[in-house]
Amino acid sequence: MSGAMRIFASLVVIAVVAMAVGVWYIRGPHPLDFAGGAKVALADYRAGKPTGVPASLEKASLIERGEYLAKAADCMVCHTKPGEKEYSGGLGFKLPFGTLYSTNITPDKETGIGNYSDQDFLNAVQRGTRHDGAQLYPAMPYTSYTYMTDDDVLAVKAYLFSLPPVRAKAPDNTLSFPFNQRWAMMFWSVVFNPDTRFTPDTSKSPEWNRGAYLAEALAHCGECHTPRNLGFALDNRKKFAGAVTAGWRAFNISSDKATGLGNWRDEDLIAYLSVGHAPGHGSASGPMGEAVDRSFSQFAPEDIRAIVAYLRSVPPQPSPDLPAGTAPVAPASHRDGVTADARGKKVFASACVSCHGWSGESPVSPMATLTGTWAVNDPAAINVAQIVLSGTKRHTPDGALSMPAFGNAYTDDEIAAVANYVTARFGTKGSTLTARDVAELREQTAE
């Protein structure tokens, strides 16, 4: 071989190695690598059964088990457009590069999944590959569902196939180039989807392993609460550190004591997941409110406790853009305290104070109390603005609790002003939203 050829071959090898190292670095650790314990195949784990349904449902029918698992996986929220039949798809997700629509997963043979075999369904859920061989976009969280067992995935299929078929074709996606090149997702999946099933950690308790399976494989908590890397996959080096998803901020749920869950009591976490409210910490709204109402509130109590045990073990990740604590109760009189924006105060007085009070302690319901919530202590005020724009409707044990949407009643400038007022009066630092910021938030929410 000539000297030139040797140099060329060396350069090729160096380039390939550099590319492999780059891919390895970008991909980062898997969701459970932080635990560090010895892993065993599920069939060899003898300390309990971390997968499947809770013990109280072990003797239930396949369809009943599948219904529990489908709720745990939060399938209905993403695959149901408001006002339409459940699981019939058509919900739009607005992304910076276009809108992606969820698909019909009822057993309709023409517009749904009625022609899916067991293997087709496994391929879709665990590998992101459709019945026709095309690759799914990772808005469908198959990189989390890949950890589900075959038995659990097929139980979900049995439940979905027991539902009435609904003829409903999803609108065409409106993604711009190059994101509309679905074939390219094949390469993305090779890098970022491990295509592997859950393996228990023998160094952890059975409860921890159950919680890990629920949080990672089914509830896919990381899809909203973990930041994304350069490849738009989860950056598990910052596991559960919080992220902005679909125009809402999913807060830090690591064990960090200042900006995460480290200072929450177990009872607070259990209450928040079960009913969407924890005294002193606020209420779930937006996508998290939907997750509580449609998913977590349906969990068996022992499964909620297992998730709490798992969350406690996630290494602390600080959120430097959040304060180290929340603000105390504001003065009872509107004449006292911070008035950062007179226009915002005027909007608050006319539309908000009757439910939230001048002190932030609601005279109507604890779930409407602003004091102590991360949303009003977030200087970015993303969730405050979103709640004002779109309102919230929560289904609690005591019935439905709603806040009306004010997006059509007030201008973007007025909504920015009231968000700035709320964060200044009830939080540690006032936000500085502009009308343009609010307009952009409108554009980011799901259709």
# chains A, B, ... in the order shown; residues from 1 in each chain; ligands from 1
$ residues_around --residues "range 136-145 of chain A" --least-positions-apart "3" --cutoff "9 Å" --atoms "only C-alpha atoms" --output "ChimeraX atom specification"
/A:31,73,78,93,100,102,124-130,148-149,153,182,185-186,189,192-195,197,216-223,233
$ write_last_selection --atoms "C-alpha atoms" --output "PDB file, in the first residue's frame"
ATOM      1  CA  PRO A  31     -32.608   6.056  31.854  1.00  0.00           C
ATOM      2  CA  ALA A  73     -49.180   4.515  29.747  1.00  0.00           C
ATOM      3  CA  CYS A  78     -52.427  11.926  23.224  1.00  0.00           C
ATOM      4  CA  PHE A  93     -48.966  18.871  18.482  1.00  0.00           C
ATOM      5  CA  LEU A 100     -47.822  16.532  14.064  1.00  0.00           C
ATOM      6  CA  SER A 102     -51.785  11.693  16.671  1.00  0.00           C
ATOM      7  CA  ALA A 124     -45.072   0.008  16.760  1.00  0.00           C
ATOM      8  CA  VAL A 125     -44.951   0.326  20.541  1.00  0.00           C
ATOM      9  CA  GLN A 126     -41.432  -0.937  21.228  1.00  0.00           C
ATOM     10  CA  ARG A 127     -39.620  -0.024  17.998  1.00  0.00           C
ATOM     11  CA  GLY A 128     -41.590   2.832  16.479  1.00  0.00           C
ATOM     12  CA  THR A 129     -42.341   0.973  13.248  1.00  0.00           C
ATOM     13  CA  ARG A 130     -45.826   1.126  11.698  1.00  0.00           C
ATOM     14  CA  MET A 148     -42.405  -2.600  28.311  1.00  0.00           C
ATOM     15  CA  THR A 149     -42.659  -6.368  28.255  1.00  0.00           C
ATOM     16  CA  VAL A 153     -47.877  -4.441  25.265  1.00  0.00           C
ATOM     17  CA  ARG A 182     -40.127  10.137   7.747  1.00  0.00           C
ATOM     18  CA  MET A 185     -36.419   8.495  11.578  1.00  0.00           C
ATOM     19  CA  MET A 186     -34.993   5.042  10.935  1.00  0.00           C
ATOM     20  CA  SER A 189     -34.168   5.249  16.032  1.00  0.00           C
ATOM     21  CA  PHE A 192     -31.606   6.644  20.260  1.00  0.00           C
ATOM     22  CA  ASN A 193     -33.954   3.686  20.715  1.00  0.00           C
ATOM     23  CA  PRO A 194     -32.260   0.899  22.707  1.00  0.00           C
ATOM     24  CA  ASP A 195     -34.981  -1.606  21.658  1.00  0.00           C
ATOM     25  CA  ARG A 197     -36.976  -4.636  27.644  1.00  0.00           C
ATOM     26  CA  GLU A 216     -39.786   4.803  32.842  1.00  0.00           C
ATOM     27  CA  ALA A 217     -41.607   2.265  30.668  1.00  0.00           C
ATOM     28  CA  LEU A 218     -45.287   3.088  31.176  1.00  0.00           C
ATOM     29  CA  ALA A 219     -45.748   6.625  32.476  1.00  0.00           C
ATOM     30  CA  HIS A 220     -42.676   7.779  30.474  1.00  0.00           C
ATOM     31  CA  CYS A 221     -42.025  10.641  32.911  1.00  0.00           C
ATOM     32  CA  GLY A 222     -38.739  11.535  31.272  1.00  0.00           C
ATOM     33  CA  GLU A 223     -40.405  12.437  27.979  1.00  0.00           C
ATOM     34  CA  ALA A 233     -33.569  12.629  22.359  1.00  0.00           C
TER      35      ALA A 233
END
$ select_by_dssp --residues "range 132-220 of chain A" --states "alpha helix (DSSP H)" --output "ChimeraX atom specification"
/A:142-145,150-161,185-192,206-212
$ residues_around --residues "range 406-423 of chain A" --least-positions-apart "4" --cutoff "9 Å" --atoms "only C-alpha atoms" --output "compact mmCIF listing (two decimals) with N, CA, C and O atoms, in the first residue's frame"
# COMPACT_ATOMS: atom_id res chain seq x y z
N VAL A 338 -46.27 43.80 46.54
CA VAL A 338 -45.69 44.22 45.27
C VAL A 338 -46.77 44.50 44.24
O VAL A 338 -47.71 43.73 44.09
N THR A 339 -46.64 45.60 43.56
CA THR A 339 -47.51 45.90 42.42
C THR A 339 -46.60 46.24 41.25
O THR A 339 -46.29 47.41 40.99
N ALA A 340 -46.11 45.22 40.59
CA ALA A 340 -45.12 45.40 39.53
C ALA A 340 -45.72 45.97 38.25
O ALA A 340 -45.05 46.61 37.47
N ASP A 341 -47.01 45.72 38.05
CA ASP A 341 -47.63 46.12 36.79
C ASP A 341 -49.07 46.52 37.08
O ASP A 341 -49.91 45.68 37.41
N ALA A 342 -49.37 47.82 37.00
CA ALA A 342 -50.71 48.31 37.32
C ALA A 342 -51.76 47.71 36.39
O ALA A 342 -52.88 47.42 36.80
N ARG A 343 -51.39 47.51 35.12
CA ARG A 343 -52.33 46.89 34.18
C ARG A 343 -52.62 45.46 34.58
O ARG A 343 -53.76 45.00 34.53
N GLY A 344 -51.57 44.75 35.02
CA GLY A 344 -51.76 43.38 35.47
C GLY A 344 -52.62 43.30 36.70
O GLY A 344 -53.46 42.40 36.84
N LYS A 345 -52.45 44.25 37.61
CA LYS A 345 -53.27 44.28 38.82
C LYS A 345 -54.74 44.50 38.46
O LYS A 345 -55.64 43.88 39.04
N LYS A 346 -54.99 45.35 37.48
CA LYS A 346 -56.36 45.62 37.05
C LYS A 346 -57.02 44.35 36.49
O LYS A 346 -58.17 44.04 36.80
N VAL A 347 -56.27 43.61 35.67
CA VAL A 347 -56.81 42.35 35.12
C VAL A 347 -57.04 41.35 36.24
O VAL A 347 -58.07 40.68 36.30
N PHE A 348 -56.08 41.25 37.17
CA PHE A 348 -56.21 40.32 38.29
C PHE A 348 -57.44 40.66 39.12
O PHE A 348 -58.19 39.76 39.53
N ALA A 351 -60.65 39.60 37.04
CA ALA A 351 -60.85 38.22 36.56
C ALA A 351 -60.35 37.13 37.50
O ALA A 351 -60.77 35.98 37.37
N LEU A 370 -52.40 29.94 45.17
CA LEU A 370 -51.20 30.25 44.41
C LEU A 370 -49.93 30.16 45.25
O LEU A 370 -48.85 29.89 44.72
N ALA A 375 -45.24 27.28 39.63
CA ALA A 375 -45.64 28.06 38.47
C ALA A 375 -45.49 29.55 38.71
O ALA A 375 -44.97 30.29 37.87
N VAL A 376 -45.94 30.05 39.90
CA VAL A 376 -45.86 31.49 40.15
C VAL A 376 -44.48 31.89 40.66
O VAL A 376 -44.17 33.08 40.73
N ASN A 377 -43.65 30.92 41.02
CA ASN A 377 -42.28 31.22 41.43
C ASN A 377 -41.27 31.02 40.31
O ASN A 377 -40.07 31.16 40.52
N ASP A 378 -41.77 30.69 39.13
CA ASP A 378 -40.91 30.54 37.95
C ASP A 378 -40.80 31.91 37.27
O ASP A 378 -41.80 32.42 36.75
N PRO A 379 -39.63 32.53 37.25
CA PRO A 379 -39.50 33.86 36.64
C PRO A 379 -39.83 33.90 35.16
O PRO A 379 -40.07 34.97 34.61
N ALA A 380 -39.87 32.74 34.53
CA ALA A 380 -40.25 32.70 33.11
C ALA A 380 -41.76 32.80 32.93
O ALA A 380 -42.23 33.19 31.86
N ALA A 381 -42.53 32.45 33.96
CA ALA A 381 -44.00 32.56 33.97
C ALA A 381 -44.68 31.79 32.83
O ALA A 381 -45.79 32.14 32.43
N ILE A 382 -44.03 30.76 32.32
CA ILE A 382 -44.60 30.02 31.18
C ILE A 382 -45.94 29.41 31.53
O ILE A 382 -46.94 29.60 30.83
N VAL A 384 -47.92 30.05 34.12
CA VAL A 384 -48.92 31.05 34.52
C VAL A 384 -49.62 31.59 33.28
O VAL A 384 -50.86 31.66 33.22
N ALA A 385 -48.85 31.97 32.28
CA ALA A 385 -49.45 32.50 31.05
C ALA A 385 -50.31 31.46 30.35
O ALA A 385 -51.41 31.76 29.86
N GLN A 386 -49.85 30.21 30.33
CA GLN A 386 -50.62 29.16 29.65
C GLN A 386 -51.94 28.89 30.36
O GLN A 386 -52.96 28.65 29.71
N ILE A 387 -51.92 28.91 31.68
CA ILE A 387 -53.16 28.66 32.41
C ILE A 387 -54.15 29.80 32.17
O ILE A 387 -55.35 29.58 32.02
N VAL A 388 -53.66 31.03 32.12
CA VAL A 388 -54.54 32.16 31.83
C VAL A 388 -55.09 32.03 30.41
O VAL A 388 -56.28 32.26 30.17
N LEU A 389 -54.24 31.63 29.47
CA LEU A 389 -54.68 31.49 28.08
C LEU A 389 -55.73 30.41 27.90
O LEU A 389 -56.78 30.64 27.29
N SER A 390 -55.44 29.22 28.41
CA SER A 390 -56.29 28.06 28.09
C SER A 390 -57.14 27.56 29.24
O SER A 390 -57.96 26.65 29.05
N GLY A 391 -56.97 28.13 30.44
CA GLY A 391 -57.75 27.66 31.57
C GLY A 391 -57.34 26.26 31.98
O GLY A 391 -56.35 25.70 31.49
N GLY A 427 -44.83 35.32 43.83
CA GLY A 427 -43.58 34.58 43.65
C GLY A 427 -42.40 35.33 44.22
O GLY A 427 -42.53 36.39 44.82
N THR A 428 -41.21 34.76 43.99
CA THR A 428 -39.99 35.38 44.51
C THR A 428 -39.42 36.44 43.58
O THR A 428 -38.65 37.28 44.01
N LYS A 429 -39.78 36.38 42.31
CA LYS A 429 -39.25 37.33 41.33
C LYS A 429 -40.25 37.48 40.20
O LYS A 429 -40.70 36.49 39.62
N GLY A 430 -40.59 38.72 39.89
CA GLY A 430 -41.56 38.97 38.83
C GLY A 430 -41.02 38.65 37.45
O GLY A 430 -39.84 38.83 37.17
N SER A 431 -41.89 38.16 36.61
CA SER A 431 -41.51 37.86 35.23
C SER A 431 -41.55 39.14 34.40
O SER A 431 -42.07 40.17 34.83
N THR A 432 -41.04 39.05 33.19
CA THR A 432 -41.01 40.21 32.28
C THR A 432 -41.55 39.80 30.92
O THR A 432 -40.97 40.11 29.88
N LEU A 433 -42.67 39.09 30.92
CA LEU A 433 -43.26 38.66 29.66
C LEU A 433 -43.71 39.84 28.83
O LEU A 433 -44.14 40.87 29.35
N THR A 434 -43.65 39.66 27.53
CA THR A 434 -44.17 40.65 26.59
C THR A 434 -45.31 40.04 25.80
O THR A 434 -45.55 38.83 25.84
N ALA A 435 -46.02 40.89 25.07
CA ALA A 435 -47.10 40.39 24.22
C ALA A 435 -46.58 39.38 23.20
O ALA A 435 -47.25 38.38 22.89
N ARG A 436 -45.38 39.61 22.71
CA ARG A 436 -44.80 38.68 21.74
C ARG A 436 -44.56 37.31 22.37
O ARG A 436 -44.79 36.28 21.74
N ASP A 437 -44.10 37.29 23.64
CA ASP A 437 -43.90 36.02 24.34
C ASP A 437 -45.20 35.24 24.45
O ASP A 437 -45.24 34.03 24.23
N VAL A 438 -46.27 35.95 24.79
CA VAL A 438 -47.57 35.28 24.93
C VAL A 438 -48.06 34.76 23.59
O VAL A 438 -48.60 33.65 23.49
N ALA A 439 -47.86 35.53 22.54
CA ALA A 439 -48.25 35.08 21.20
C ALA A 439 -47.52 33.79 20.82
O ALA A 439 -48.12 32.88 20.23
N ARG A 442 -49.05 30.86 22.65
CA ARG A 442 -50.29 30.42 21.99
C ARG A 442 -49.98 29.44 20.86
O ARG A 442 -50.69 28.46 20.65
$ select_by_dssp --residues "range 28-257 of chain A" --states "strand (DSSP E or B)" --output "VMD selection string"
chain A and resid 39 80 89 92 to 95 98 to 101 129 135 201 228 234 243 to 245 248 to 250
$ residues_around --residues "Cys355 in chain A" --least-positions-apart "6" --cutoff "10 Å" --atoms "only C-alpha atoms" --output "VMD selection string"
chain A and resid 361 to 365 368 to 369 403
$ residues_around --residues "Lys94 in chain A" --least-positions-apart "5" --cutoff "10 Å" --atoms "only C-alpha atoms" --output "PDB file with N, CA and C atoms, in the first residue's frame"
ATOM      1  N   THR A  99     -46.809  20.921  12.483  1.00  0.00           N
ATOM      2  CA  THR A  99     -47.769  20.264  13.372  1.00  0.00           C
ATOM      3  C   THR A  99     -47.816  18.772  13.077  1.00  0.00           C
ATOM      4  N   LEU A 100     -47.768  17.995  14.150  1.00  0.00           N
ATOM      5  CA  LEU A 100     -47.822  16.532  14.064  1.00  0.00           C
ATOM      6  C   LEU A 100     -49.133  16.084  14.689  1.00  0.00           C
ATOM      7  N   TYR A 101     -49.846  15.178  14.029  1.00  0.00           N
ATOM      8  CA  TYR A 101     -51.153  14.737  14.518  1.00  0.00           C
ATOM      9  C   TYR A 101     -51.090  13.294  15.014  1.00  0.00           C
ATOM     10  N   THR A 174     -47.954  18.573   8.995  1.00  0.00           N
ATOM     11  CA  THR A 174     -47.505  19.747   8.234  1.00  0.00           C
ATOM     12  C   THR A 174     -46.072  20.104   8.599  1.00  0.00           C
ATOM     13  N   LEU A 175     -45.217  19.094   8.654  1.00  0.00           N
ATOM     14  CA  LEU A 175     -43.825  19.314   9.033  1.00  0.00           C
ATOM     15  C   LEU A 175     -43.027  19.851   7.850  1.00  0.00           C
ATOM     16  N   ALA A 246     -44.212  21.266  24.606  1.00  0.00           N
ATOM     17  CA  ALA A 246     -45.514  21.668  24.069  1.00  0.00           C
ATOM     18  C   ALA A 246     -45.996  22.975  24.686  1.00  0.00           C
ATOM     19  N   GLY A 247     -45.055  23.887  24.952  1.00  0.00           N
ATOM     20  CA  GLY A 247     -45.430  25.190  25.459  1.00  0.00           C
ATOM     21  C   GLY A 247     -45.690  25.256  26.951  1.00  0.00           C
ATOM     22  N   ARG A 442     -49.053  30.856  22.647  1.00  0.00           N
ATOM     23  CA  ARG A 442     -50.288  30.422  21.986  1.00  0.00           C
ATOM     24  C   ARG A 442     -49.982  29.442  20.859  1.00  0.00           C
ATOM     25  N   GLU A 443     -48.932  29.739  20.116  1.00  0.00           N
ATOM     26  CA  GLU A 443     -48.584  28.925  18.955  1.00  0.00           C
ATOM     27  C   GLU A 443     -48.045  27.561  19.322  1.00  0.00           C
ATOM     28  N   GLN A 444     -47.536  27.413  20.543  1.00  0.00           N
ATOM     29  CA  GLN A 444     -46.877  26.156  20.923  1.00  0.00           C
ATOM     30  C   GLN A 444     -47.816  25.117  21.517  1.00  0.00           C
ATOM     31  N   THR A 445     -49.007  25.506  21.884  1.00  0.00           N
ATOM     32  CA  THR A 445     -49.916  24.562  22.526  1.00  0.00           C
ATOM     33  C   THR A 445     -50.562  23.649  21.508  1.00  0.00           C
ATOM     34  N   ALA A 446     -50.965  22.458  21.983  1.00  0.00           N
ATOM     35  CA  ALA A 446     -51.592  21.475  21.101  1.00  0.00           C
ATOM     36  C   ALA A 446     -52.929  22.005  20.600  1.00  0.00           C
ATOM     37  N   GLU A 447     -53.282  21.580  19.384  1.00  0.00           N
ATOM     38  CA  GLU A 447     -54.572  21.998  18.821  1.00  0.00           C
ATOM     39  C   GLU A 447     -55.721  21.265  19.501  1.00  0.00           C
TER      40      GLU A 447
END
$ closest_residue --among "A:Ser285, A:Thr259, A:Thr103, A:Asn115" --to "Ala324 in chain A" --atoms "only C-alpha atoms"
A:Thr259
$ atom_distance --atom1 "CA of Arg65 in chain A" --atom2 "CA of Glu84 in chain A"
24.8 Å
$ atom_distance --atom1 "CA of Ser254 in chain A" --atom2 "CA of Lys393 in chain A"
26.9 Å
$ residues_around --residues "His334 in chain A" --least-positions-apart "4" --cutoff "10 Å" --atoms "only C-alpha atoms" --output "list in words"
Ala330, Val338, Thr339, Lys345, Ala349, Val353, Gly357, Trp358, Ser359 and Arg425 of chain A
$ write_last_selection --atoms "N, CA, C and O atoms" --output "short mmCIF file (atom, residue, chain, number, x, y, z; two decimals), in the first residue's frame"
data_model
loop_
_atom_site.label_atom_id
_atom_site.label_comp_id
_atom_site.auth_asym_id
_atom_site.auth_seq_id
_atom_site.Cartn_x
_atom_site.Cartn_y
_atom_site.Cartn_z
N ALA A 330 -48.79 36.32 50.42
CA ALA A 330 -48.79 37.76 50.15
C ALA A 330 -49.72 38.48 51.14
O ALA A 330 -50.57 37.85 51.78
N VAL A 338 -46.27 43.80 46.54
CA VAL A 338 -45.69 44.22 45.27
C VAL A 338 -46.77 44.50 44.24
O VAL A 338 -47.71 43.73 44.09
N THR A 339 -46.64 45.60 43.56
CA THR A 339 -47.51 45.90 42.42
C THR A 339 -46.60 46.24 41.25
O THR A 339 -46.29 47.41 40.99
N LYS A 345 -52.45 44.25 37.61
CA LYS A 345 -53.27 44.28 38.82
C LYS A 345 -54.74 44.50 38.46
O LYS A 345 -55.64 43.88 39.04
N ALA A 349 -57.66 41.94 39.36
CA ALA A 349 -58.81 42.36 40.18
C ALA A 349 -60.13 42.01 39.51
O ALA A 349 -61.10 41.65 40.20
N VAL A 353 -59.15 37.60 41.29
CA VAL A 353 -59.08 37.70 42.74
C VAL A 353 -60.20 36.95 43.45
O VAL A 353 -60.02 36.46 44.57
N GLY A 357 -57.74 35.19 45.57
CA GLY A 357 -57.50 36.05 46.71
C GLY A 357 -56.28 36.95 46.54
O GLY A 357 -55.38 36.66 45.76
N TRP A 358 -56.26 38.06 47.30
CA TRP A 358 -55.11 38.96 47.23
C TRP A 358 -53.89 38.37 47.92
O TRP A 358 -52.75 38.76 47.64
N SER A 359 -54.11 37.43 48.83
CA SER A 359 -52.97 36.83 49.55
C SER A 359 -52.38 35.64 48.81
O SER A 359 -51.29 35.18 49.15
N ARG A 425 -46.19 39.38 42.72
CA ARG A 425 -46.90 39.45 43.99
C ARG A 425 -46.83 38.14 44.77
O ARG A 425 -46.65 38.16 46.00
#
$ residues_around --residues "range 156-165 of chain A" --least-positions-apart "5" --cutoff "10 Å" --atoms "only C-alpha atoms" --output "NGL selection string"
:A and (61-71 or 73 or 75 or 85-88 or 104-114 or 116-118 or 121-122 or 125 or 150-151)
